[in-house]
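Reading through the structure tokens given below for one structure.
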Amino acid sequence: MKMVMAIIKPFKLDEVRDALTDLGLQGLTATEVKGFGRQKGHTEIYRGAEYEVSYLPKVKVEVVIEDHLTDQVVETITKTANTDKIGDGKIFVTEVYSALRIRTGETGSDAI
Amino acid sequence: MKMVMAIIKPFKLDEVRDALTDLGLQGLTATEVKGFGRQKGHTEIYRGAEYEVSYLPKVKVEVVIEDHLTDQVVETITKTANTDKIGDGKIFVTEVYSALRIRTGETGSDAI
Amino acid sequence: MKMVMAIIKPFKLDEVRDALTDLGLQGLTATEVKGFGRQKGHTEIYRGAEYEVSYLPKVKVEVVIEDHLTDQVVETITKTANTDKIGDGKIFVTEVYSALRIRTGETGSDAI
Amino acid sequence: MFKTIFYTAATAMAVLTSSVPAFAQESSLGSGDTAWILTATALVLFMTLPGLALFYAGLVRAQNVVSVLMNCFAIACVMSIVWLIAGYSIAFGDGGSGNLVWGGLGKSFLSGVSFDTLSGSIPESLFFTFQMTFAIITPALIVGAFVERIQFSFVIIFSVFWVLLVYAPVVHWVWGGGFLADKGVIDFAGGIVVHVTAGVSALVLAIMLGSRKGFPNDLQPPHNPGMTMIGAAMLWVGWFGFNGGSALAADGSAGMAMTVTHISAAAGAIAWSSVELMLYRKASLIGAVTGMVAGLATITPASGSVGPVGGLILGLAGGVLCFTVTQMVKKKFNIDDSLDVFAVHGVGGALGTLLAAIFVTTSLGGVGLAEGQTVASQLGVQAYGVLAVVIWAALITWILVKVLSTFVRFRVSEDDEEQGLDLAMHGERGYHNL
Amino acid sequence: MFKTIFYTAATAMAVLTSSVPAFAQESSLGSGDTAWILTATALVLFMTLPGLALFYAGLVRAQNVVSVLMNCFAIACVMSIVWLIAGYSIAFGDGGSGNLVWGGLGKSFLSGVSFDTLSGSIPESLFFTFQMTFAIITPALIVGAFVERIQFSFVIIFSVFWVLLVYAPVVHWVWGGGFLADKGVIDFAGGIVVHVTAGVSALVLAIMLGSRKGFPNDLQPPHNPGMTMIGAAMLWVGWFGFNGGSALAADGSAGMAMTVTHISAAAGAIAWSSVELMLYRKASLIGAVTGMVAGLATITPASGSVGPVGGLILGLAGGVLCFTVTQMVKKKFNIDDSLDVFAVHGVGGALGTLLAAIFVTTSLGGVGLAEGQTVASQLGVQAYGVLAVVIWAALITWILVKVLSTFVRFRVSEDDEEQGLDLAMHGERGYHNL
Amino acid sequence: MFKTIFYTAATAMAVLTSSVPAFAQESSLGSGDTAWILTATALVLFMTLPGLALFYAGLVRAQNVVSVLMNCFAIACVMSIVWLIAGYSIAFGDGGSGNLVWGGLGKSFLSGVSFDTLSGSIPESLFFTFQMTFAIITPALIVGAFVERIQFSFVIIFSVFWVLLVYAPVVHWVWGGGFLADKGVIDFAGGIVVHVTAGVSALVLAIMLGSRKGFPNDLQPPHNPGMTMIGAAMLWVGWFGFNGGSALAADGSAGMAMTVTHISAAAGAIAWSSVELMLYRKASLIGAVTGMVAGLATITPASGSVGPVGGLILGLAGGVLCFTVTQMVKKKFNIDDSLDVFAVHGVGGALGTLLAAIFVTTSLGGVGLAEGQTVASQLGVQAYGVLAVVIWAALITWILVKVLSTFVRFRVSEDDEEQGLDLAMHGERGYHNL
Ligand SMILES: Nc1ncnc2c1ncn2[C@@H]1O[C@H](COP(=O)(O)OP(=O)(O)O)[C@@H](O)[C@H]1O
Ligand SMILES: Nc1ncnc2c1ncn2[C@@H]1O[C@H](COP(=O)(O)OP(=O)(O)O)[C@@H](O)[C@H]1O
Ligand SMILES: Nc1ncnc2c1ncn2[C@@H]1O[C@H](COP(=O)(O)OP(=O)(O)O)[C@@H](O)[C@H]1O
């Protein structure tokens, strides 16, 4: 199995989730994160003092899938999360050694 | 080494941590996440307008362990986090290439 | 490619990021997490009732890099995040199978 | 307010005012009355700052919380100066031959008003400030229509013209001796003057501005219902000053106004919650406090005329009707009057204005109709008043938006809307919790 | 309140009232007094909405914040209508031959009360509304006992019966000419009427409902101490209206009531913080504001009788005693009176009621005992009053819970408790910060 | 306050007081005046609790929110007792031969003050409590200078001495018949007494304590601008009691004080926002509310003397000047007066005190100079007053810090500063949102 981890813009989460559901995926996990990258943060000024906010709010999507779906999933996310603007994010794929559904104890591809 | 990543129900965190401590593990990291899965979110109605909240609050537990503990740890989490209800969550296991304790520079199994 | 995942003290985030930027890295992702480890939490007392807060606020830094940078990155983080006090955190390294920049579709080391 | 009473219910008032001897001579200061209006002024300012601001801010996304607070705050500041420069004069000046339509500019900058000038039994400086707090909250009410997508500078510029061209003239018509006062319209504390003007203009603005991205099915829920409830509670408390203070005296009229105001607020909340319970099997906090505001808007014009049972019935009616219209505006007409300004304030204010004609009768516990009026004739007068103001407010708002939007940007860019107005308009974020 | 004074301290009051000529003739409206009670009414409503609501809401889990706010808000709405329908009449009506125990139903719906009906020197409509705000906050205080696990509908139904069967009768006994007034009980602003009734009923409810899951060792800490402090600050400010307004006049009695109230609040906070410092080496914000409430509950019954030094001592005593009982209830008796209603309000109110008998004496700076009373005899009267009300409140609460819980669900399901009442009961969440 | 008026502007006041007959005989209680000061007292307490506390708490890191709230709350409690024990007596007692510098200890514990003792037309107990709320907010203002790094116990101990040695004497000098009153200094509601004393002492403290870690380039932004705005709104509303209440009567002076206060607040906000717009192209919420406070601080000393146009100009001047000094303190002098107490309060208060000499003239709409004064001579008196108090406040603060810091820890450890004072000092955290 693989875990596809995508860092995307927060307002794209719903679209990405819908697109993955359309592929037949049943679950994913999302986390609010702070992104540092080429896209720069901003400066806030309070009473004339400047405060650098160097990060941007992003969402990290983690979805575990069967190996053969990898390309399809990566492609789908790429297409859906794209806005053609800097800061659209990244997709990383890692290997998952095993998976298990807590409720039933099922493992492997039954678990995801 | 392995990283066991478990997505569980938030109120199970304390129990899971206690159970892992009983196994002799000394540390873990928990993150608040939003889970999308078979267990569905809910609808909130404000002034007659419906708002779908499609995710559920979950906690992601990440714990890095020596290889030989993998089965035991997975089993322990499975048992402790189980409520027999949908949405109990998943356990994923991935490979960890190396580990290091920042304070001392120790590496490998000494680091965790 | 590798993903270096470091659990550090929150106020060290800025320094770590600056140090990695100095190495030429262009991006990373940070997440607020709750750490459980040798460093213990604290007890809060409200109206005479005690509440154990067993976790500590930590920040998880995830940065994906080319393989040959691994040692350098781990070393840099170790040096920067160190305060010589308990709870300084850990660094874990995992294998990344592939990377992709959503905006451009670039992959591999171009993507990070 | 008090002038209306003079025109429409002089006989009935005789009973009340008998206990306030100072009233007769007009020229002596009543320290009890002054004490109460000083307080009432503080209470009505409190309704906007922070009451209404919080009420509205809790209902938007977390990325727009600063923007909503800032809209209300900036309106409060700018309208105060506008009121000093010309608003008060237009509303309460002596318009001479044109007095039926406006009060002229003779009282600009409070010219001629000194420390010891009186207005009834209170200092005129105080009457000015009390009225200023009304001139603050009325344009601030409109904010609910255009949150999360409007350009900040447009809000301010629009509000300035709106207060001068819609609000101040209508105040003059109803409370300043203008043509509606002449007709005998009953509007004790601003059902027409405040709620109908704001509600109608809000609807027009919402239509012209267009819906928020995601309306109606993909919006984010109110980010902080508790904040909305705090604001609502402050509105309730402050409304005692709004309606009770409109008696312009510390007397039985103020006391009864406070009583019926309270009863109507409670009844409005109960009505709205009951409808929710029937429809959704759950009563929400946001629903309850919205019903409360509906009850308050409904009682406002009638709060000097009706008794406790009248208050109860107006509150219940307001709660149910405003709920219904809220649904219609969103679902039938697909209009994104985002925080329901028209449905709650416009409709509530109009409803109360009409019902006042019925519940003012002594048989229903009210102070009684003015001499020569019947329920039917008074109802006609009330409807006439509402209609005239609806047309005026809608028309001027439409013209103002058309004209101003050629000079000032009206709506923010899509990117700014997505990111939230806090950063885009004010360079601030509402929450930094790490 | 003022009636008590007539019964118990007529001589002492003569001094005070001499400066309020209107008092003698009873039939003329005092605009200064009216101004103050209008204000005081707003202040007391402010104590509940949003004061108490915030005070309590900050102390629970983030998943129950809406629920606590909604409990307080809904109680405020429903009790207002109950007060109009029958509560006020039971409390302040003329019960004829049964007047020692209740006031009958003759004043239901304020029947017979018009715009110019007076009660003392203020409009009766105002007196009604002022008292209504007390009838709101008293059942709202009980909310602290059952948060995070009670069924919402039970709260409302229970509160209706409780106000009619416990609160309104006790008001009549003490302030409405009932048997405790007859005995000469001193309870200026509601130590017995408000704090003892609420505190005792809270304890009974907490026992019958059972503890929250996780009590006592595995609870989550208060989710927002700052929210609790905001609420506490509003309680302090509002209490000026509560105690100062209970003079029902703007005079020296009101002034001194405000002074001793303030001193006692400050002293209570200092006392509680000092105990914390000694025990834990840290003074917490939640501790300080809890001590403040203890000081306020303690001074309440005595606030028309004692001088500044009396206020200081009552506050210190209240802070220390309430802290102690807080520990006992939780740790010794293992009762989850979740937000310490009994320990803070019940105990504080009773303590102040007893100490009033001592500090009322002129040698200690008070207004003096009523003619014919000694400290000992007055202490007996006070103890009798507290005891009678403790028994009545406990008994009726017990019966009410037994009976009502056969019709209405009392406690939520375990799942709902875990998930939090906000979603389970109201379909809302308190915080949506993304 | 009122005494100043007697000394400095007796002629002008004659006009005003003519409408308050009770004033002449001094011995009879005015229930309208009393009603207003009861209210004003509640309003001024509300300014600190929770107003100022929230205003400040929103500006710090989330890890210090409890600490800031606790500082304000604890100061309120402790200063109340200090005021009872000695502060009031030092300020308003009769100092006999030393009366030019202090009032002695004859009124300690309100000795000799009973329920019916009057001060002017209000109960002296009420005058005491009204003044107490000033003695609370003034040291609480200083909190802004040392947040996020000071030891809690130092705050309390320092404040006790500061109120006794700086605040109470200065009150005596200006309002209690001391040497500045003698000179004829105009300071209606505390420009010198409150804002200059607090501002100057804040600056000295900030310098002696040193900057926060990360100052000036690496600080975290205000964690909750909305919280700051809520506090600011409460300050605005409460300031009506502060300035309007300083008339100590419900009359034209109070009415006009409220009017000019409001106008100046609005003008200050507009001025500050305009500067921001010019410099940064965005107007921030925090900027607007800071300008509002600057406008309020500026009008405070002049609020009994100037007319509406005076209020407008003072507000604008205050907004611009305070903004400028804010920048200078931080950027030029590199002083971490963290929440700009000196730049906003110290400078605003001093500016208003000086400008009062100009705008008091009848030709500019004011009440007129005292007999025998010219603008120039009055300006001299005002400058003399400001200077004397600046020196005294700075000197005593410096000595106090030097002496006290040898007994009590002054600044927390670096670890505690990093972790935040909430946990380190109070064992609490501000937010627990899971
Ligand atoms: N090497 C990396 N490792 C982990 N996360 C990264 C890395 N580079 C970028 N990111 C994440 O991706 C986000 C977008 O990257 P950025 O460089 O801003 O734009 P783009 O994706 O268009 O190249 C960043 O905010 C950060 O969260
Ligand atoms: N394929 C997946 N990849 C990542 N996370 C998943 C995946 N499937 C489920 N999850 C996580 O597990 C949680 C529980 O899954 P769900 O399908 O609701 O119930 P169950 O665990 O009982 O099958 C989800 O809320 C989500 O956070
Ligand atoms: N085995 C582990 N797996 C995952 N995270 C861990 C593990 N051990 C420790 N951590 C994380 O590292 C943090 C620091 O660890 P701790 O034992 O407190 O101190 P130190 O790093 O000095 O050994 C913890 O708070 C936790 O977040």
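By order of appearance in the structure tokens: chains A, B, ..., then residues from 1 within every chain, and ligands from 1 in the order shown.
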Hey, which residues sit close to ligand 1? Say within 6 Å, counting only C-alpha atoms and all ligand atoms, and write them as a ChimeraX atom specification. /A:7,35-39,86-90 /C:26-29,62-65,101,103,112
Dump of N, CA, C and O atoms for the selected residues, as a tab-separated table (two decimals), in the first residue's frame:
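Saved the output as part_22.tsv:
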```tsv
chain	number	residue	atom	x	y	z
A	7	ILE	N	-0.06	18.40	0.36
A	7	ILE	CA	-0.21	19.69	1.04
A	7	ILE	C	-0.97	20.59	0.07
A	7	ILE	O	-0.45	20.86	-1.02
A	35	GLY	N	2.32	26.17	6.21
A	35	GLY	CA	3.24	25.90	5.12
A	35	GLY	C	4.27	27.00	4.95
A	35	GLY	O	3.95	28.19	5.00
A	36	PHE	N	5.51	26.60	4.78
A	36	PHE	CA	6.58	27.54	4.43
A	36	PHE	C	7.08	27.12	3.05
A	36	PHE	O	7.39	25.95	2.84
A	37	GLY	N	7.18	28.04	2.13
A	37	GLY	CA	7.61	27.64	0.79
A	37	GLY	C	7.95	28.86	-0.05
A	37	GLY	O	8.27	29.92	0.48
A	38	ARG	N	7.86	28.68	-1.34
A	38	ARG	CA	8.15	29.81	-2.23
A	38	ARG	C	7.11	30.91	-2.06
A	38	ARG	O	7.39	32.09	-2.16
A	39	GLN	N	5.88	30.47	-1.85
A	39	GLN	CA	4.83	31.47	-1.60
A	39	GLN	C	5.08	32.08	-0.23
A	39	GLN	O	5.20	31.38	0.77
A	86	ILE	N	1.16	30.16	-7.37
A	86	ILE	CA	2.19	29.71	-6.45
A	86	ILE	C	1.55	29.31	-5.12
A	86	ILE	O	0.56	29.89	-4.69
A	87	GLY	N	2.12	28.27	-4.52
A	87	GLY	CA	1.60	27.82	-3.24
A	87	GLY	C	0.53	26.76	-3.36
A	87	GLY	O	-0.09	26.39	-2.37
A	88	ASP	N	0.34	26.21	-4.55
A	88	ASP	CA	-0.68	25.17	-4.71
A	88	ASP	C	-0.33	23.91	-3.94
A	88	ASP	O	-1.22	23.13	-3.60
A	89	GLY	N	0.97	23.72	-3.68
A	89	GLY	CA	1.33	22.62	-2.81
A	89	GLY	C	2.02	21.45	-3.49
A	89	GLY	O	2.40	21.52	-4.66
A	90	LYS	N	2.19	20.40	-2.71
A	90	LYS	CA	2.99	19.25	-3.13
A	90	LYS	C	2.23	17.97	-2.86
A	90	LYS	O	1.36	17.92	-2.00
C	26	GLN	N	13.82	25.07	0.26
C	26	GLN	CA	12.85	26.10	-0.10
C	26	GLN	C	11.50	25.96	0.58
C	26	GLN	O	10.65	26.81	0.43
C	27	GLY	N	11.29	24.83	1.23
C	27	GLY	CA	9.96	24.68	1.82
C	27	GLY	C	9.93	23.67	2.92
C	27	GLY	O	10.80	22.79	3.03
C	28	LEU	N	8.98	23.79	3.78
C	28	LEU	CA	8.71	22.78	4.80
C	28	LEU	C	7.29	22.98	5.31
C	28	LEU	O	6.65	23.99	5.02
C	29	THR	N	6.83	22.00	6.05
C	29	THR	CA	5.47	22.04	6.58
C	29	THR	C	5.52	21.81	8.08
C	29	THR	O	6.21	20.90	8.53
C	62	GLU	N	7.97	18.82	8.97
C	62	GLU	CA	8.18	17.80	7.92
C	62	GLU	C	8.81	18.47	6.73
C	62	GLU	O	8.30	19.46	6.21
C	63	VAL	N	9.94	17.91	6.33
C	63	VAL	CA	10.61	18.48	5.16
C	63	VAL	C	11.11	17.35	4.27
C	63	VAL	O	11.74	16.40	4.74
C	64	VAL	N	10.75	17.44	3.02
C	64	VAL	CA	11.16	16.41	2.06
C	64	VAL	C	12.40	16.90	1.31
C	64	VAL	O	12.43	18.05	0.84
C	65	ILE	N	13.41	16.05	1.24
C	65	ILE	CA	14.69	16.47	0.67
C	65	ILE	C	15.27	15.37	-0.21
C	65	ILE	O	14.85	14.22	-0.17
C	101	ARG	N	5.01	18.63	-7.67
C	101	ARG	CA	4.53	19.99	-7.40
C	101	ARG	C	3.19	20.17	-8.13
C	101	ARG	O	3.14	20.03	-9.35
C	103	ARG	N	1.27	22.72	-8.84
C	103	ARG	CA	1.12	23.83	-9.78
C	103	ARG	C	1.66	23.50	-11.16
C	103	ARG	O	1.02	23.77	-12.18
C	112	ILE	N	10.65	19.76	-5.11
C	112	ILE	CA	10.76	20.13	-3.69
C	112	ILE	C	11.58	21.38	-3.45
C	112	ILE	O	12.09	21.99	-4.36
```
Return as CSV the residues of chain B lying at most 12 Å from ligand 2, together with the closest atom-to-atom pair for each and the distance in Å to one decimal, counting only C-alpha atoms and all ligand atoms, with rows in chain order and ascending residue number.
```
residue,atom,partner,partner_atom_place_in_ligand_line,distance
B:Met5,CA,ligand 2,5 (N),9.9
B:Ala6,CA,ligand 2,12 (O),8.4
B:Ile7,CA,ligand 2,12 (O),5.6
B:Ile8,CA,ligand 2,13 (C),7.0
B:Lys9,CA,ligand 2,13 (C),8.4
B:Pro10,CA,ligand 2,25 (O),11.0
B:Thr31,CA,ligand 2,27 (O),11.6
B:Glu32,CA,ligand 2,27 (O),10.3
B:Val33,CA,ligand 2,27 (O),7.3
B:Lys34,CA,ligand 2,27 (O),6.1
B:Gly35,CA,ligand 2,27 (O),3.1
B:Phe36,CA,ligand 2,25 (O),4.2
B:Gly37,CA,ligand 2,17 (O),3.5
B:Arg38,CA,ligand 2,17 (O),3.6
B:Gln39,CA,ligand 2,18 (O),3.7
B:Lys40,CA,ligand 2,18 (O),6.8
B:Gly41,CA,ligand 2,18 (O),9.2
B:Ser54,CA,ligand 2,25 (O),9.9
B:Tyr55,CA,ligand 2,25 (O),7.0
B:Leu56,CA,ligand 2,25 (O),6.1
B:Pro57,CA,ligand 2,25 (O),7.7
B:Lys58,CA,ligand 2,27 (O),6.3
B:Val59,CA,ligand 2,27 (O),8.3
B:Lys60,CA,ligand 2,27 (O),8.2
B:Val61,CA,ligand 2,27 (O),11.5
B:Thr78,CA,ligand 2,21 (O),10.9
B:Ala81,CA,ligand 2,21 (O),10.5
B:Asn82,CA,ligand 2,22 (O),9.3
B:Thr83,CA,ligand 2,22 (O),9.5
B:Asp84,CA,ligand 2,22 (O),8.1
B:Lys85,CA,ligand 2,22 (O),6.5
B:Ile86,CA,ligand 2,22 (O),3.7
B:Gly87,CA,ligand 2,19 (O),3.3
B:Asp88,CA,ligand 2,21 (O),4.6
B:Gly89,CA,ligand 2,21 (O),3.4
B:Lys90,CA,ligand 2,12 (O),5.1
B:Ile91,CA,ligand 2,12 (O),8.4
B:Phe92,CA,ligand 2,4 (C),8.5
B:Val93,CA,ligand 2,4 (C),11.8
```
Output for the residues just chosen: N, CA and C atoms as a JSON list (two decimals), in the first residue's frame:
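As written to disk, selection16.json reads:
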```json
[["chain", "number", "residue", "atom", "x", "y", "z"],
["B", 5, "MET", "N", 1.11, 4.63, 12.95],
["B", 5, "MET", "CA", 0.26, 5.82, 12.90],
["B", 5, "MET", "C", -1.19, 5.36, 13.06],
["B", 6, "ALA", "N", -1.82, 5.79, 14.13],
["B", 6, "ALA", "CA", -3.20, 5.36, 14.36],
["B", 6, "ALA", "C", -4.12, 6.57, 14.36],
["B", 7, "ILE", "N", -5.23, 6.44, 13.63],
["B", 7, "ILE", "CA", -6.27, 7.48, 13.66],
["B", 7, "ILE", "C", -7.34, 6.97, 14.60],
["B", 8, "ILE", "N", -7.56, 7.67, 15.71],
["B", 8, "ILE", "CA", -8.52, 7.14, 16.70],
["B", 8, "ILE", "C", -9.53, 8.20, 17.10],
["B", 9, "LYS", "N", -10.51, 7.79, 17.89],
["B", 9, "LYS", "CA", -11.47, 8.75, 18.43],
["B", 9, "LYS", "C", -10.80, 9.57, 19.54],
["B", 10, "PRO", "N", -11.05, 10.85, 19.57],
["B", 10, "PRO", "CA", -10.31, 11.71, 20.49],
["B", 10, "PRO", "C", -10.37, 11.28, 21.95],
["B", 31, "THR", "N", -1.84, 14.37, 17.18],
["B", 31, "THR", "CA", -2.26, 15.52, 16.39],
["B", 31, "THR", "C", -3.78, 15.50, 16.23],
["B", 32, "GLU", "N", -4.38, 16.67, 16.37],
["B", 32, "GLU", "CA", -5.82, 16.75, 16.09],
["B", 32, "GLU", "C", -6.02, 16.80, 14.59],
["B", 33, "VAL", "N", -6.84, 15.90, 14.07],
["B", 33, "VAL", "CA", -7.07, 15.87, 12.64],
["B", 33, "VAL", "C", -8.57, 15.80, 12.35],
["B", 34, "LYS", "N", -8.88, 15.97, 11.08],
["B", 34, "LYS", "CA", -10.26, 15.82, 10.64],
["B", 34, "LYS", "C", -10.37, 14.54, 9.85],
["B", 35, "GLY", "N", -11.26, 13.67, 10.26],
["B", 35, "GLY", "CA", -11.39, 12.40, 9.58],
["B", 35, "GLY", "C", -12.59, 12.37, 8.64],
["B", 36, "PHE", "N", -12.32, 11.86, 7.45],
["B", 36, "PHE", "CA", -13.41, 11.60, 6.52],
["B", 36, "PHE", "C", -13.43, 10.09, 6.28],
["B", 37, "GLY", "N", -14.57, 9.44, 6.40],
["B", 37, "GLY", "CA", -14.58, 8.00, 6.22],
["B", 37, "GLY", "C", -16.00, 7.49, 6.10],
["B", 38, "ARG", "N", -16.19, 6.24, 6.44],
["B", 38, "ARG", "CA", -17.53, 5.67, 6.36],
["B", 38, "ARG", "C", -18.46, 6.33, 7.39],
["B", 39, "GLN", "N", -17.90, 6.63, 8.55],
["B", 39, "GLN", "CA", -18.69, 7.34, 9.55],
["B", 39, "GLN", "C", -18.92, 8.76, 9.03],
["B", 40, "LYS", "N", -20.18, 9.15, 8.97],
["B", 40, "LYS", "CA", -20.47, 10.43, 8.34],
["B", 40, "LYS", "C", -20.49, 11.56, 9.36],
["B", 41, "GLY", "N", -20.29, 12.75, 8.89],
["B", 41, "GLY", "CA", -20.35, 13.94, 9.74],
["B", 41, "GLY", "C", -21.79, 14.25, 10.12],
["B", 54, "SER", "N", -18.72, 17.64, 7.04],
["B", 54, "SER", "CA", -18.54, 16.28, 6.53],
["B", 54, "SER", "C", -17.45, 15.52, 7.27],
["B", 55, "TYR", "N", -16.70, 16.20, 8.11],
["B", 55, "TYR", "CA", -15.61, 15.51, 8.79],
["B", 55, "TYR", "C", -15.97, 15.26, 10.26],
["B", 56, "LEU", "N", -15.16, 14.42, 10.87],
["B", 56, "LEU", "CA", -15.29, 14.17, 12.30],
["B", 56, "LEU", "C", -13.95, 14.44, 12.96],
["B", 57, "PRO", "N", -13.98, 14.98, 14.16],
["B", 57, "PRO", "CA", -12.70, 15.18, 14.85],
["B", 57, "PRO", "C", -12.09, 13.84, 15.24],
["B", 58, "LYS", "N", -10.86, 13.65, 14.87],
["B", 58, "LYS", "CA", -10.11, 12.44, 15.23],
["B", 58, "LYS", "C", -8.75, 12.86, 15.79],
["B", 59, "VAL", "N", -8.06, 11.93, 16.39],
["B", 59, "VAL", "CA", -6.70, 12.19, 16.82],
["B", 59, "VAL", "C", -5.78, 11.20, 16.11],
["B", 60, "LYS", "N", -4.70, 11.72, 15.57],
["B", 60, "LYS", "CA", -3.69, 10.87, 14.96],
["B", 60, "LYS", "C", -2.57, 10.65, 15.96],
["B", 61, "VAL", "N", -2.30, 9.39, 16.26],
["B", 61, "VAL", "CA", -1.21, 9.07, 17.17],
["B", 61, "VAL", "C", -0.05, 8.55, 16.33],
["B", 78, "THR", "N", -5.27, -1.51, 18.89],
["B", 78, "THR", "CA", -6.52, -2.06, 18.38],
["B", 78, "THR", "C", -7.48, -2.35, 19.53],
["B", 81, "ALA", "N", -8.49, 1.10, 21.55],
["B", 81, "ALA", "CA", -9.24, 2.15, 20.86],
["B", 81, "ALA", "C", -10.57, 1.65, 20.35],
["B", 82, "ASN", "N", -10.80, 0.36, 20.49],
["B", 82, "ASN", "CA", -12.02, -0.22, 19.93],
["B", 82, "ASN", "C", -13.26, 0.13, 20.75],
["B", 83, "THR", "N", -14.30, 0.56, 20.07],
["B", 83, "THR", "CA", -15.59, 0.76, 20.74],
["B", 83, "THR", "C", -16.66, -0.04, 20.01],
["B", 84, "ASP", "N", -16.22, -0.79, 18.98],
["B", 84, "ASP", "CA", -17.16, -1.57, 18.17],
["B", 84, "ASP", "C", -18.12, -0.72, 17.37],
["B", 85, "LYS", "N", -17.82, 0.56, 17.27],
["B", 85, "LYS", "CA", -18.71, 1.41, 16.48],
["B", 85, "LYS", "C", -17.96, 1.98, 15.29],
["B", 86, "ILE", "N", -18.70, 2.30, 14.27],
["B", 86, "ILE", "CA", -18.10, 2.83, 13.06],
["B", 86, "ILE", "C", -17.30, 4.08, 13.41],
["B", 87, "GLY", "N", -16.18, 4.23, 12.70],
["B", 87, "GLY", "CA", -15.37, 5.41, 12.96],
["B", 87, "GLY", "C", -14.30, 5.20, 13.99],
["B", 88, "ASP", "N", -14.08, 3.98, 14.41],
["B", 88, "ASP", "CA", -13.05, 3.72, 15.42],
["B", 88, "ASP", "C", -11.66, 4.03, 14.89],
["B", 89, "GLY", "N", -11.50, 3.96, 13.58],
["B", 89, "GLY", "CA", -10.23, 4.41, 13.02],
["B", 89, "GLY", "C", -9.36, 3.31, 12.45],
["B", 90, "LYS", "N", -8.15, 3.70, 12.07],
["B", 90, "LYS", "CA", -7.23, 2.83, 11.35],
["B", 90, "LYS", "C", -5.86, 2.87, 12.00],
["B", 91, "ILE", "N", -5.11, 1.83, 11.70],
["B", 91, "ILE", "CA", -3.69, 1.84, 12.09],
["B", 91, "ILE", "C", -2.86, 1.58, 10.83],
["B", 92, "PHE", "N", -1.93, 2.43, 10.57],
["B", 92, "PHE", "CA", -1.02, 2.24, 9.45],
["B", 92, "PHE", "C", 0.39, 2.12, 10.00],
["B", 93, "VAL", "N", 1.19, 1.26, 9.39],
["B", 93, "VAL", "CA", 2.57, 1.10, 9.83],
["B", 93, "VAL", "C", 3.50, 1.45, 8.67]]
```
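Every residue of stretch 83-153 of chain F found in strand (DSSP E) when DSSP is run on the backbone appears here: Leu118, Ser119, Ile122 and Pro123 of chain F.
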Distance filter 10 Å, only C-alpha atoms, chain E against chain C, as a PyMOL selection string: chain E and resi 59+216-222+225+272+276+279-280+282-288+290-291+323-324+326-327+330-331+339-340
Residue list (helix (DSSP H, G or I), DSSP) for stretch 7-111 of chain B, as a PyMOL selection string: chain B and resi 10-22+67-81+108-111
Selection: 8 Å around E:Pro169, only C-alpha atoms, excl. self and same-chain fewer than 4 positions, as a short mmCIF file (atom, residue, chain, number, x, y, z; two decimals) with C-alpha atoms, in the first residue's frame:
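Generated file (selection.cif):
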```
data_model
loop_
_atom_site.label_atom_id
_atom_site.label_comp_id
_atom_site.auth_asym_id
_atom_site.auth_seq_id
_atom_site.Cartn_x
_atom_site.Cartn_y
_atom_site.Cartn_z
CA ILE E 90 -47.59 34.71 43.84
CA ALA E 91 -44.68 36.75 45.12
CA VAL E 101 -47.72 31.87 52.51
CA TRP E 102 -48.45 33.25 49.05
CA GLY E 103 -49.77 36.25 47.17
CA LEU E 164 -43.56 28.81 40.79
CA LEU E 165 -43.19 26.45 43.75
CA TRP E 173 -42.43 34.98 52.59
#
```
